[in-house]
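Asks: mmCIF, C-alpha atoms, file model-v6.cif:
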data_run
loop_
_atom_site.label_atom_id
_atom_site.label_comp_id
_atom_site.auth_asym_id
_atom_site.auth_seq_id
_atom_site.Cartn_x
_atom_site.Cartn_y
_atom_site.Cartn_z
CA MET F 8 -12.93 118.61 -82.35
CA SER F 9 -10.36 116.58 -80.60
CA LYS F 10 -12.21 117.09 -77.41
CA PHE F 11 -14.72 114.39 -78.26
CA LYS F 12 -12.38 112.01 -79.94
CA LYS F 13 -12.84 108.55 -78.70
CA LYS F 14 -9.94 106.69 -77.25
CA LYS F 15 -8.80 104.30 -79.85
CA GLY F 16 -6.99 101.03 -79.30
CA GLY F 17 -7.73 101.17 -75.60
CA ASP F 18 -7.84 97.82 -73.79
CA MET F 19 -11.19 96.26 -73.16
CA PRO F 20 -11.93 96.56 -69.47
CA ALA F 21 -11.83 93.16 -67.80
CA VAL F 22 -15.21 91.78 -66.78
CA ASN F 23 -15.58 91.99 -63.06
CA THR F 24 -15.84 88.46 -61.75
CA ALA F 25 -15.92 89.34 -58.08
CA SER F 26 -19.56 88.21 -57.75
CA LEU F 27 -18.94 84.88 -59.45
CA PRO F 28 -18.34 83.02 -56.17
CA ASP F 29 -21.61 84.39 -54.86
CA ILE F 30 -23.54 83.12 -57.84
CA VAL F 31 -21.85 79.75 -57.68
CA PHE F 32 -22.56 79.51 -53.98
CA MET F 33 -26.19 80.30 -54.56
CA LEU F 34 -26.48 77.47 -57.09
CA LEU F 35 -24.51 75.22 -54.78
CA PHE F 36 -26.90 75.78 -51.91
CA PHE F 37 -29.88 75.19 -54.16
CA PHE F 38 -28.56 71.83 -55.28
CA MET F 39 -27.45 70.87 -51.79
CA VAL F 40 -30.95 71.46 -50.50
CA ALA F 41 -32.72 69.84 -53.45
CA THR F 42 -30.54 66.76 -53.53
CA VAL F 43 -31.93 63.49 -52.40
CA MET F 44 -29.30 60.83 -52.29
CA ARG F 45 -30.49 57.88 -54.26
CA GLN F 46 -31.09 54.80 -52.20
CA ASN F 47 -30.99 52.30 -54.98
CA THR F 48 -28.95 52.11 -58.13
CA LEU F 49 -31.40 51.40 -60.87
CA LYS F 50 -30.59 48.62 -63.27
CA ILE F 51 -33.78 49.13 -65.21
CA GLU F 52 -35.29 51.84 -67.32
CA ASN F 53 -37.63 53.80 -65.16
CA ASN F 54 -39.58 56.27 -67.18
CA LEU F 55 -42.64 56.89 -65.03
CA PRO F 56 -46.03 57.53 -66.62
CA PHE F 57 -47.91 60.79 -66.27
CA ALA F 58 -51.03 61.46 -64.20
CA ASP F 59 -52.65 64.59 -62.81
CA GLN F 60 -54.83 63.30 -59.98
CA VAL F 61 -51.86 62.63 -57.77
CA GLU F 62 -51.47 62.67 -54.03
CA LYS F 63 -48.22 63.22 -52.24
CA LEU F 64 -46.54 60.48 -50.28
CA ASP F 65 -45.96 62.17 -46.98
CA LYS F 66 -43.68 59.99 -44.89
CA LYS F 67 -40.58 59.03 -46.82
CA ASP F 68 -39.41 56.47 -44.27
CA LEU F 69 -42.70 54.59 -44.43
CA VAL F 70 -42.44 53.79 -48.10
CA MET F 71 -41.17 50.58 -49.64
CA TYR F 72 -40.10 50.93 -53.23
CA ILE F 73 -40.61 48.28 -55.85
CA TYR F 74 -39.16 49.09 -59.23
CA ALA F 75 -40.01 47.45 -62.51
CA GLY F 76 -39.07 48.02 -66.09
CA LYS F 77 -36.97 46.55 -68.81
CA PRO F 78 -33.25 46.15 -68.08
CA SER F 79 -31.28 49.24 -69.05
CA ALA F 80 -28.57 49.29 -71.72
CA ASN F 81 -25.82 47.98 -69.43
CA TYR F 82 -27.78 44.94 -68.40
CA THR F 83 -29.13 43.65 -71.68
CA GLN F 84 -27.93 40.15 -70.81
CA TYR F 85 -30.98 39.94 -68.56
CA GLY F 86 -33.26 40.09 -71.53
CA LYS F 87 -35.65 42.64 -72.96
CA GLU F 88 -38.73 41.84 -70.93
CA ALA F 89 -39.68 44.04 -67.99
CA ARG F 90 -38.23 42.85 -64.69
CA ILE F 91 -38.65 43.66 -61.05
CA GLN F 92 -35.92 45.34 -59.09
CA LEU F 93 -35.83 45.22 -55.32
CA ASN F 94 -33.13 47.15 -53.48
CA ASP F 95 -30.11 46.97 -55.77
CA ASP F 96 -30.75 43.86 -57.76
CA PHE F 97 -33.09 42.12 -60.12
CA ALA F 98 -35.66 39.94 -58.46
CA SER F 99 -38.46 37.64 -59.42
CA VAL F 100 -42.09 37.84 -58.40
CA LYS F 101 -41.72 35.39 -55.56
CA ASP F 102 -39.01 37.52 -53.92
CA VAL F 103 -41.54 40.29 -53.29
CA ALA F 104 -42.98 38.63 -50.20
CA ALA F 105 -39.52 38.21 -48.64
CA PHE F 106 -38.69 41.81 -49.48
CA ILE F 107 -41.81 43.10 -47.77
CA ALA F 108 -41.09 40.94 -44.73
CA ALA F 109 -37.54 42.30 -44.54
CA GLU F 110 -38.74 45.89 -44.87
CA ARG F 111 -41.30 45.37 -42.16
CA ALA F 112 -38.71 43.84 -39.86
CA SER F 113 -36.54 46.92 -40.23
CA LYS F 114 -39.30 49.30 -39.10
CA ARG F 115 -40.69 49.91 -35.65
CA GLU F 116 -43.63 47.69 -34.91
CA GLU F 117 -46.18 50.43 -34.42
CA LEU F 118 -45.38 51.88 -37.83
CA ILE F 119 -46.00 48.69 -39.79
CA PRO F 120 -49.71 49.36 -40.50
CA PHE F 121 -48.78 52.68 -42.10
CA LEU F 122 -46.29 51.27 -44.57
CA THR F 123 -47.05 52.04 -48.18
CA THR F 124 -45.66 50.22 -51.16
CA ALA F 125 -44.71 52.55 -53.97
CA LEU F 126 -44.68 50.94 -57.38
CA LYS F 127 -42.23 52.72 -59.62
CA VAL F 128 -42.92 51.11 -62.91
CA ASP F 129 -41.73 52.02 -66.37
CA SER F 130 -44.54 53.26 -68.60
CA ASP F 131 -43.87 50.60 -71.22
CA ALA F 132 -44.06 47.65 -68.85
CA ASN F 133 -47.13 45.51 -69.28
CA MET F 134 -49.80 44.92 -66.71
CA GLY F 135 -49.16 41.19 -66.37
CA LEU F 136 -46.11 41.88 -64.25
CA ILE F 137 -47.91 44.50 -62.17
CA GLY F 138 -50.81 42.11 -61.65
CA ASP F 139 -48.39 39.49 -60.35
CA ILE F 140 -46.78 41.98 -57.98
CA LYS F 141 -50.17 43.09 -56.72
CA GLN F 142 -51.17 39.48 -56.14
CA GLU F 143 -48.00 38.92 -54.10
CA LEU F 144 -48.65 42.06 -52.09
CA ARG F 145 -52.15 40.89 -51.30
CA LYS F 146 -50.76 37.57 -50.07
CA VAL F 147 -48.54 39.30 -47.53
CA ASN F 148 -51.27 41.77 -46.67
CA ALA F 149 -49.44 44.87 -47.87
CA LEU F 150 -52.55 46.52 -49.20
CA LYS F 151 -51.63 50.19 -49.33
CA ILE F 152 -50.03 50.89 -52.64
CA ASN F 153 -49.11 53.94 -54.60
CA TYR F 154 -48.52 54.06 -58.32
CA THR F 155 -45.75 56.61 -58.49
CA THR F 156 -46.22 58.92 -61.46
CA LYS F 157 -44.91 62.15 -62.80
CA LYS F 158 -47.19 65.09 -62.67
CA GLY F 159 -48.57 65.97 -66.06
CA SER F 160 -51.46 65.56 -68.40
CA VAL F 161 -52.48 62.04 -69.30
CA LEU F 162 -53.92 62.83 -72.68
CA GLY F 163 -51.29 65.03 -74.26
CA ARG F 164 -48.40 62.82 -73.40
CA GLU F 165 -47.44 61.56 -76.80
CA MET H 6 4.22 98.18 -30.52
CA ALA H 7 2.97 99.20 -33.87
CA LYS H 8 -0.36 97.71 -34.78
CA ARG H 9 0.10 95.23 -37.58
CA ALA H 10 -2.71 94.65 -39.99
CA ALA H 11 -3.73 91.01 -40.25
CA PRO H 12 -2.70 89.63 -43.62
CA GLU H 13 -5.63 89.20 -45.93
CA VAL H 14 -6.66 85.65 -46.74
CA ASN H 15 -6.46 84.94 -50.41
CA ALA H 16 -9.99 84.10 -51.47
CA GLY H 17 -9.21 83.65 -55.13
CA SER H 18 -9.64 79.88 -55.03
CA MET H 19 -12.97 80.02 -53.24
CA ALA H 20 -14.80 80.07 -56.55
CA ASP H 21 -12.95 76.92 -57.62
CA ILE H 22 -13.88 75.09 -54.46
CA ALA H 23 -17.48 76.16 -54.75
CA PHE H 24 -17.53 75.04 -58.38
CA LEU H 25 -16.19 71.67 -57.41
CA LEU H 26 -18.93 71.17 -54.83
CA LEU H 27 -21.53 72.52 -57.20
CA ILE H 28 -20.58 70.05 -59.90
CA PHE H 29 -20.64 67.21 -57.40
CA PHE H 30 -24.17 68.04 -56.31
CA LEU H 31 -25.30 68.66 -59.87
CA VAL H 32 -24.19 65.19 -60.83
CA THR H 33 -25.64 63.40 -57.82
CA THR H 34 -28.98 65.21 -57.81
CA THR H 35 -32.04 63.30 -58.85
CA ILE H 36 -35.17 65.25 -58.25
CA GLU H 37 -37.14 62.38 -56.85
CA THR H 38 -40.80 62.06 -57.62
CA ASP H 39 -42.75 61.10 -54.56
CA SER H 40 -46.32 61.55 -55.66
CA GLY H 41 -48.71 59.19 -57.32
CA ILE H 42 -52.11 57.61 -57.29
CA ASN H 43 -52.93 55.93 -54.00
CA ARG H 44 -54.87 52.69 -54.14
CA LYS H 45 -55.89 50.06 -51.68
CA LEU H 46 -55.76 46.41 -52.69
CA PRO H 47 -58.58 44.13 -51.65
CA PRO H 48 -57.67 41.71 -48.86
CA MET H 49 -56.91 38.13 -49.80
CA GLU H 50 -59.63 36.23 -47.99
CA GLU H 51 -62.61 35.95 -50.24
CA SER H 52 -65.99 36.27 -48.67
CA GLU H 53 -67.91 33.12 -49.50
CA GLU H 54 -71.31 34.63 -50.04
CA ASP H 55 -71.80 36.15 -53.41
CA VAL H 56 -72.98 39.70 -53.33
CA VAL H 57 -75.61 40.28 -55.93
CA ILE H 58 -75.07 43.56 -57.71
CA LYS H 59 -77.46 44.74 -60.32
CA GLN H 60 -76.01 45.04 -63.76
CA ARG H 61 -77.06 48.66 -64.06
CA ASN H 62 -74.98 49.54 -61.01
CA ILE H 63 -71.77 48.31 -62.59
CA PHE H 64 -69.76 50.43 -64.95
CA THR H 65 -67.43 48.07 -66.77
CA VAL H 66 -64.20 49.36 -68.16
CA LEU H 67 -62.19 46.91 -70.21
CA LEU H 68 -58.65 47.50 -71.40
CA ASN H 69 -57.37 45.05 -73.95
CA GLY H 70 -53.85 44.08 -74.92
CA LYS H 71 -53.79 46.68 -77.68
CA ASP H 72 -54.59 49.46 -75.20
CA GLN H 73 -58.11 49.88 -76.54
CA LEU H 74 -60.84 50.90 -74.20
CA LEU H 75 -64.20 49.21 -74.00
CA VAL H 76 -66.66 50.95 -71.73
CA GLU H 77 -70.07 49.39 -71.13
CA ASP H 78 -69.54 47.23 -74.23
CA GLU H 79 -68.75 50.17 -76.44
CA LEU H 80 -65.45 51.38 -77.78
CA MET H 81 -64.45 54.67 -76.23
CA GLU H 82 -61.59 57.11 -76.42
CA LEU H 83 -59.70 57.99 -73.28
CA GLU H 84 -60.83 61.62 -73.52
CA ASP H 85 -64.48 60.66 -73.09
CA LEU H 86 -63.98 58.29 -70.18
CA ARG H 87 -64.10 60.91 -67.45
CA ALA H 88 -67.40 62.41 -68.63
CA ALA H 89 -68.93 58.95 -69.03
CA ALA H 90 -67.88 57.93 -65.51
CA VAL H 91 -69.24 61.16 -64.04
CA GLU H 92 -72.53 60.64 -65.82
CA PHE H 93 -72.77 57.08 -64.53
CA LEU H 94 -71.89 57.91 -60.92
CA ASP H 95 -74.06 60.97 -60.70
CA ASN H 96 -77.09 59.37 -62.30
CA GLY H 97 -79.16 58.79 -59.17
CA GLY H 98 -81.71 56.49 -60.80
CA ASP H 99 -83.70 55.50 -57.69
CA GLY H 100 -84.18 59.07 -56.49
CA SER H 101 -82.62 58.48 -53.06
CA CYS H 102 -79.74 60.80 -53.89
CA ASP H 103 -81.08 64.33 -53.65
CA TYR H 104 -77.79 66.02 -54.54
CA CYS H 105 -77.20 64.10 -57.75
CA GLN H 106 -77.42 66.14 -60.91
CA GLY H 107 -77.61 63.25 -63.33
CA LYS H 108 -80.34 62.26 -65.73
CA LYS H 109 -82.07 59.84 -63.31
CA ASP H 110 -81.94 57.26 -66.06
CA GLY H 111 -83.52 53.97 -65.00
CA SER H 112 -80.99 51.88 -66.87
CA SER H 113 -77.96 53.47 -65.18
CA SER H 114 -76.77 53.51 -61.56
CA ASP H 115 -79.19 53.83 -58.61
CA ASN H 116 -77.13 56.17 -56.45
CA PRO H 117 -73.43 56.99 -55.94
CA ASP H 118 -73.26 54.62 -52.98
CA LYS H 119 -74.31 51.65 -55.07
CA ALA H 120 -72.47 52.56 -58.23
CA ILE H 121 -69.37 50.48 -58.80
CA ILE H 122 -66.74 50.94 -61.43
CA SER H 123 -65.20 47.69 -62.50
CA LEU H 124 -61.85 47.85 -64.23
CA LYS H 125 -60.43 44.88 -66.06
CA ASN H 126 -57.17 44.75 -67.92
CA GLU H 127 -55.27 42.12 -69.80
CA ARG H 128 -51.71 41.05 -69.20
CA GLU H 129 -50.53 42.79 -72.34
CA THR H 130 -52.00 46.17 -71.46
CA THR H 131 -49.22 48.72 -71.07
CA TYR H 132 -48.75 50.33 -67.71
CA LYS H 133 -49.08 53.89 -68.94
CA THR H 134 -52.51 53.25 -70.42
CA TYR H 135 -53.59 51.57 -67.21
CA ILE H 136 -52.42 54.58 -65.20
CA ALA H 137 -54.14 56.93 -67.62
CA VAL H 138 -57.43 55.07 -67.14
CA GLN H 139 -57.01 54.95 -63.35
CA ASN H 140 -56.26 58.64 -63.44
CA GLU H 141 -59.39 59.46 -65.43
CA LEU H 142 -61.58 57.40 -63.08
CA VAL H 143 -60.10 59.04 -59.99
CA ALA H 144 -60.60 62.37 -61.73
CA ALA H 145 -64.29 61.56 -62.20
CA TYR H 146 -64.68 60.96 -58.47
CA ASN H 147 -62.71 64.08 -57.63
CA GLU H 148 -64.85 66.15 -59.97
CA LEU H 149 -68.05 65.01 -58.28
CA ARG H 150 -66.59 65.52 -54.82
CA ASP H 151 -65.48 69.00 -55.79
CA THR H 152 -68.94 69.95 -56.96
CA ARG H 153 -70.46 68.53 -53.81
CA ALA H 154 -67.98 70.37 -51.59
CA GLN H 155 -68.61 73.61 -53.47
CA ALA H 156 -72.34 73.22 -52.94
CA LEU H 157 -72.08 72.33 -49.26
CA TYR H 158 -69.17 74.36 -47.96
CA GLY H 159 -68.24 76.74 -50.77
CA LYS H 160 -64.78 75.24 -51.11
CA SER H 161 -63.41 72.60 -53.42
CA PHE H 162 -62.63 69.17 -52.04
CA ALA H 163 -58.97 69.48 -53.00
CA GLU H 164 -58.72 72.76 -51.06
CA MET H 165 -60.30 71.16 -48.01
CA GLN H 166 -57.82 68.32 -48.12
CA ALA H 167 -54.95 70.72 -48.57
CA ASP H 168 -56.19 72.70 -45.56
CA TYR H 169 -56.42 69.54 -43.53
CA LYS H 170 -52.80 68.70 -44.25
CA ASP H 171 -51.59 72.26 -43.74
CA VAL H 172 -50.14 72.65 -40.24
CA ASN H 173 -50.63 76.42 -40.27
CA TRP H 174 -54.29 76.30 -41.17
CA PRO H 175 -56.14 78.29 -38.50
CA GLY H 176 -59.56 76.61 -38.59
CA ASN H 177 -60.99 73.69 -36.66
CA LYS H 178 -59.48 70.47 -37.95
CA GLU H 179 -62.04 68.17 -36.34
CA ASN H 180 -64.83 70.00 -38.11
CA LEU H 181 -63.00 69.91 -41.38
CA LYS H 182 -62.33 66.19 -41.02
CA ALA H 183 -66.04 65.59 -40.47
CA LYS H 184 -66.85 67.62 -43.57
CA ILE H 185 -64.32 65.72 -45.66
CA ASP H 186 -65.69 62.42 -44.43
CA GLN H 187 -69.22 63.55 -45.24
CA ILE H 188 -68.26 64.17 -48.84
CA LYS H 189 -66.47 60.83 -48.98
CA VAL H 190 -69.69 59.21 -47.79
CA ASP H 191 -71.70 61.06 -50.41
CA TYR H 192 -69.41 59.94 -53.19
CA PRO H 193 -67.57 56.82 -52.04
CA GLN H 194 -64.78 55.61 -54.27
CA LYS H 195 -65.87 52.17 -55.34
CA LEU H 196 -63.41 51.02 -57.89
CA SER H 197 -62.95 47.33 -58.18
CA GLU H 198 -60.40 45.52 -60.24
CA VAL H 199 -61.06 42.19 -61.79
CA GLN H 200 -58.24 39.68 -61.88
#
Let me see whether you can do it: turn the structure in this file into structure tokens.
Replies:
Amino acid sequence: MSKFKKKKGGDMPAVNTASLPDIVFMLLFFFMVATVMRQNTLKIENNLPFADQVEKLDKKDLVMYIYAGKPSANYTQYGKEARIQLNDDFASVKDVAAFIAAERASKREELIPFLTTALKVDSDANMGLIGDIKQELRKVNALKINYTTKKGSVLGRE
Amino acid sequence: MAKRAAPEVNAGSMADIAFLLLIFFLVTTTIETDSGINRKLPPMEESEEDVVIKQRNIFTVLLNGKDQLLVEDELMELEDLRAAAVEFLDNGGDGSCDYCQGKKDGSSSDNPDKAIISLKNERETTYKTYIAVQNELVAAYNELRDTRAQALYGKSFAEMQADYKDVNWPGNKENLKAKIDQIKVDYPQKLSEVQ
């Protein structure tokens, strides 16, 4: 029965890796397309809350971002209370007006009425801070706001 | 002259280069969220004259510092808020709203145009609870608008808005805009926040 004897001790055939570059390229292209380069380096924790009745912000260049949350682990010297971040640095409530003015100055005049302020606030921040920001925004007449949230159910979030 | 074959380029390191780029993009990628709840703040200048609003036309929602919800002076769970808001908005107490399906209760709102939801929060309220409540209230409006749109045009309000934004949508945009505005008039979003 030697006809059917299996080859013993034969080398394992090497796995063909010729298609590996193709797979890697595919992933590469996906990430290249999906990447949005971050504008601001966040110094705060920014764990957005969930909501399901969301609308999309359509024009990226017409959005001003205001971040708020408690300072992240590297910046604990700034305390544990939630703080505002504008551009790349911590700011206080009264800096908001100047920030909005600067953002408006950098846009074309006819686009200014369409500017939206996106509030990216950590879910554990308290509303006192948000109320202050909103009050500042009203003072400078930046009335269109957007509470940026993640998409998901509100109720089953914990 | 004998034809010489061009020497083959060694592509063995291509995978390495691709890996390097891949890892770079993997690390730098942040899938940015760019959706949220749109709101409009009230303008600063206060109108001097006091508008008199009947108590039954106001739906008060109170959020305290411990994230508890008080709706129309009664404790309520977040799950029940949407239904309660829908019931209030769709009540149609004075009979002028012929599309309302509510109970026509005399002690609740007159019609959707007059009904106002008033939201008050304290400084200690956490942001996520506030967003959850906002979300539920917006959901109540959207639910009513959807029902209305279904009844009028056989399409949900969300679909109509999606169509309006869609560049490839074949229909008449002007018409659609008018329809959307009609529904917004039928169920106007009147959500006021108390400072």
Asks: Written as a PyMOL selection string, which residues does the PyMOL selection byres ((chain F) within 9 of (chain H)) give for the file shown?
Replies: chain F and resi 27-29+31-32+34-36+38-39+41-45+55-65+67+125+128-138+141-142+144-158+161-162
Asks: Mind pulling up the distance from atom CA of Asp191 of chain H to atom CA of Asp78 of chain H?
Replies: 27.6 Å
Asks: Skip segment 90-104 of chain H itself and residues of its chain fewer than 6 positions away, then list as an MDAnalysis selection string all residues within 9 Å of it, counting all atoms listed in the file.
Replies: chainID H and resid 62 64 110:122 141:142 145:146 148:149 153 191:192
Asks: Mind giving me the straight-line distance from atom CA of Phe162 of chain H to atom CA of Asn177 of chain H in Å, one decimal?
Replies: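 Separation of atom CA of Phe162 of chain H and atom CA of Asn177 of chain H: 16.1 Å.
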Asks: Name the residues that the PyMOL selection byres ((chain F and resi 68) around 10) picks from the file above, as a VMD selection string, using the file's chain letters and numbers.
Replies: chain F and resid 65 to 67 69 to 71 114 118 122 to 123
Asks: Residue by residue, what does the PyMOL selection byres ((chain F and resi 72) around 8) grab here? Present the result as number ranges by chain.
Replies: F: 70-71, 73-74, 93-94, 124-127
Asks: Could you check how far atom CA of Leu67 of chain H sits from atom CA of Arg87 of chain H, in Å to one decimal?
Replies: 14.4 Å
Asks: For Met81 of chain H, please output as number ranges by chain all residues within 12 Å (counting all atoms listed in the file; exclusion window: fewer than 4 positions along the same chain).
Replies: H: 65-68, 72-77, 85-90, 138
Asks: Please give the centre and size of the box around segment 28-35 of chain F (axis-aligned, containing every atom listed in the file, 4 Å added per side), with values in Å to one decimal and written as AutoDock Vina command-line options.
Replies:
--center_x -22.4 --center_y 79.8 --center_z -55.9 --size_x 16.1 --size_y 17.2 --size_z 11.9
Asks: Using only C-alpha atoms, which residue out of H:Val14, H:Lys109, H:Val190, H:Met165 lies closest to Lys178 of chain H?
Replies: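 Closest residue, counting only C-alpha atoms: H:Met165.
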Asks: Dump segment 21-50 of chain F with C-alpha atoms to a file, as a PDB file, in the first residue's frame.
Replies:
ATOM      1  CA  ALA F  21       5.524  28.647   3.100  1.00  0.00           C
ATOM      2  CA  VAL F  22       2.438  30.836   3.330  1.00  0.00           C
ATOM      3  CA  ASN F  23       2.139  32.908   0.232  1.00  0.00           C
ATOM      4  CA  THR F  24       2.489  36.528   1.261  1.00  0.00           C
ATOM      5  CA  ALA F  25       2.363  38.004  -2.208  1.00  0.00           C
ATOM      6  CA  SER F  26      -1.036  39.625  -1.557  1.00  0.00           C
ATOM      7  CA  LEU F  27       0.055  41.172   1.724  1.00  0.00           C
ATOM      8  CA  PRO F  28       1.035  44.504   0.127  1.00  0.00           C
ATOM      9  CA  ASP F  29      -2.376  44.660  -1.500  1.00  0.00           C
ATOM     10  CA  ILE F  30      -4.155  44.182   1.790  1.00  0.00           C
ATOM     11  CA  VAL F  31      -1.953  46.712   3.513  1.00  0.00           C
ATOM     12  CA  PHE F  32      -2.506  49.196   0.717  1.00  0.00           C
ATOM     13  CA  MET F  33      -6.232  48.740   0.983  1.00  0.00           C
ATOM     14  CA  LEU F  34      -6.139  49.542   4.706  1.00  0.00           C
ATOM     15  CA  LEU F  35      -3.774  52.412   4.020  1.00  0.00           C
ATOM     16  CA  PHE F  36      -6.146  53.998   1.546  1.00  0.00           C
ATOM     17  CA  PHE F  37      -9.050  53.578   3.919  1.00  0.00           C
ATOM     18  CA  PHE F  38      -7.255  55.391   6.696  1.00  0.00           C
ATOM     19  CA  MET F  39      -5.907  58.050   4.370  1.00  0.00           C
ATOM     20  CA  VAL F  40      -9.417  58.853   3.233  1.00  0.00           C
ATOM     21  CA  ALA F  41     -10.986  58.649   6.684  1.00  0.00           C
ATOM     22  CA  THR F  42      -8.349  60.738   8.404  1.00  0.00           C
ATOM     23  CA  VAL F  43      -9.174  64.202   9.504  1.00  0.00           C
ATOM     24  CA  MET F  44      -6.150  65.999  10.792  1.00  0.00           C
ATOM     25  CA  ARG F  45      -6.917  67.350  14.196  1.00  0.00           C
ATOM     26  CA  GLN F  46      -6.953  71.108  14.378  1.00  0.00           C
ATOM     27  CA  ASN F  47      -6.537  71.438  18.082  1.00  0.00           C
ATOM     28  CA  THR F  48      -4.588  69.434  20.585  1.00  0.00           C
ATOM     29  CA  LEU F  49      -6.962  68.728  23.392  1.00  0.00           C
ATOM     30  CA  LYS F  50      -5.789  69.409  26.893  1.00  0.00           C
TER      31      LYS F  50
END
